[in-house]
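Just below is one structure, and these are the notes that go with it.
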Amino acid sequence: MYRFALFDLDGTLADRQSAFSEAVTGLCRAHALTPDVEQWLRTELVDRANAADFARLRDAFDLEVPTTQLWPEYVSLMAAAVTCRPEVLQGLARLRADAWTIGVITNGGSDIQRAKLAATGIADLVDGVAVSGDLEIRKPDRRLFELAAARCGVSLADGGWMIGDNPAGDIGGGHQAGLRTIWLRGRPWPDALSAAHHVVNDITDAITILLNETE
């Protein structure tokens, strides 16, 4: 098995949910936004966010502050709040030291996802990154996996691994891309989806599985 692994970002390597809550709170305080606006943000952006969402917000509530100001502020707040546990960063470093090629494949806007990668230090530990906003395609689309592999300097034809928490996007997409898969348990598992090769409760357990792999 080729030593190549793709990791999801939000909910896998990085804790998006706590950062999301902090960012929404900070944005609403900064602009004295009303509780109904805050609730809209928490509902509409719970899984992902992009600049178009803030255009919808502005239209829905007739806000005076422009979208071109709200979105960059939200990106900055998310980058400031997002975290990646030290043991996860250490695990990625161990994989690199063990001659693994590592990539990140993530759905979301290019600017906000790359800001998170830089802020957490993950960007310094991976060989390539593919964000759905780069091509306006999303996991499980195989083309995003092909882009991720190419940016890591490898080919999907050589095999490898996909690790993530989203059953359809990460595990289903990984299967379609010809990769072995490790699912980070949490979300409901669709009945029709083929099982992951491994199931773990913590991302560090997935890294341990990879480190124990032999040629």
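Please note that chains go A, B, ... in the order of the structure tokens, that every chain numbers its residues from 1, and that ligands are numbered from 1 in the order shown.
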Residues of range 52-206 of chain A in helix (DSSP H, G or I) according to DSSP, as a count of residues only? 83
Running DSSP on the backbone, which parts of range 81-112 of chain A land in strand (DSSP E), as a VMD selection string? chain A and resid 101 to 106
Go ahead and save the residues from that selection, with N, CA and C atoms, as a PDB file, in the first residue's frame.
```pdb
ATOM      1  N   THR A 101       3.138  10.663   2.466  1.00  0.00           N
ATOM      2  CA  THR A 101       2.681  11.859   1.769  1.00  0.00           C
ATOM      3  C   THR A 101       1.285  12.168   2.287  1.00  0.00           C
ATOM      4  N   ILE A 102       1.061  13.406   2.738  1.00  0.00           N
ATOM      5  CA  ILE A 102      -0.185  13.761   3.400  1.00  0.00           C
ATOM      6  C   ILE A 102      -0.861  14.920   2.680  1.00  0.00           C
ATOM      7  N   GLY A 103      -2.164  14.784   2.485  1.00  0.00           N
ATOM      8  CA  GLY A 103      -2.933  15.870   1.893  1.00  0.00           C
ATOM      9  C   GLY A 103      -4.183  16.147   2.693  1.00  0.00           C
ATOM     10  N   VAL A 104      -4.759  17.321   2.468  1.00  0.00           N
ATOM     11  CA  VAL A 104      -6.042  17.683   3.053  1.00  0.00           C
ATOM     12  C   VAL A 104      -7.029  17.903   1.920  1.00  0.00           C
ATOM     13  N   ILE A 105      -8.210  17.306   2.054  1.00  0.00           N
ATOM     14  CA  ILE A 105      -9.278  17.488   1.084  1.00  0.00           C
ATOM     15  C   ILE A 105     -10.519  17.911   1.854  1.00  0.00           C
ATOM     16  N   THR A 106     -11.040  19.088   1.538  1.00  0.00           N
ATOM     17  CA  THR A 106     -12.090  19.665   2.375  1.00  0.00           C
ATOM     18  C   THR A 106     -13.108  20.432   1.553  1.00  0.00           C
TER      19      THR A 106
END
```
Excluding Asn166 in chain A and any residue of its chain fewer than 5 positions from it, enumerate the residues within 9 Å of it, using only C-alpha atoms, and give them as a PyMOL selection string. chain A and resi 8+11-12+171-172+183-189
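Using only C-alpha atoms, the protein and nucleic acid residues lying no more than 10 Å from Arg143 in chain A, apart from those fewer than 5 places from it along its own chain, are A:Ser132, A:Leu135, A:Ile137, A:Arg138, A:Ala148, A:Ala149, A:Gly173, A:Ala177.
Those residues that approach Thr208 in chain A to within 12 Å, counting only C-alpha atoms, are Glu87, Val88, Gln90, Gly91, Leu92, Arg94, Leu95, Asp98, Ile182, His198, Val200 and Asp202 of chain A; same-chain residues fewer than 6 positions away are not listed.
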Near-Ala115 in chain A list (9 Å; only C-alpha atoms; drop same-chain fewer than 2 positions) as an MDAnalysis selection string: chainID A and resid 75:76 78:79 110:113 117:120
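Straight-line separation from CA of Ala30 in chain A to CA of Cys84 in chain A: 25.6 Å.
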Between A:Ala130, A:Leu57, A:Ala195, A:Leu6, single out the one closest to Gly159 in chain A, counting only C-alpha atoms. A:Leu6
Would you pick out the contacts of range 52-56 of chain A at 7 Å or less, using only C-alpha atoms, so that residues sharing its chain but fewer than 6 positions from it are not included, and give the list as an MDAnalysis selection string? chainID A and resid 67 70:71
Residues from the last selection, N, CA, C and O atoms, saved as an mmCIF file, in the first residue's frame:
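File produced: out_13.cif:
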```cif
data_model
loop_
_atom_site.group_PDB
_atom_site.id
_atom_site.type_symbol
_atom_site.label_atom_id
_atom_site.label_comp_id
_atom_site.auth_asym_id
_atom_site.auth_seq_id
_atom_site.Cartn_x
_atom_site.Cartn_y
_atom_site.Cartn_z
ATOM 1 N N THR A 67 -21.617 42.994 2.882
ATOM 2 C CA THR A 67 -21.130 41.615 2.841
ATOM 3 C C THR A 67 -19.609 41.568 2.730
ATOM 4 O O THR A 67 -18.957 40.700 3.314
ATOM 5 N N LEU A 70 -18.485 41.755 6.277
ATOM 6 C CA LEU A 70 -18.896 40.668 7.166
ATOM 7 C C LEU A 70 -18.123 39.379 6.914
ATOM 8 O O LEU A 70 -17.659 38.719 7.851
ATOM 9 N N TRP A 71 -17.994 39.009 5.648
ATOM 10 C CA TRP A 71 -17.341 37.728 5.342
ATOM 11 C C TRP A 71 -15.879 37.711 5.765
ATOM 12 O O TRP A 71 -15.451 36.780 6.471
#
```
Restricting to only C-alpha atoms, whichever of A:Gln176, A:Gly164, A:Ile122, A:Ala51 is closest to Phe145 in chain A is A:Gln176
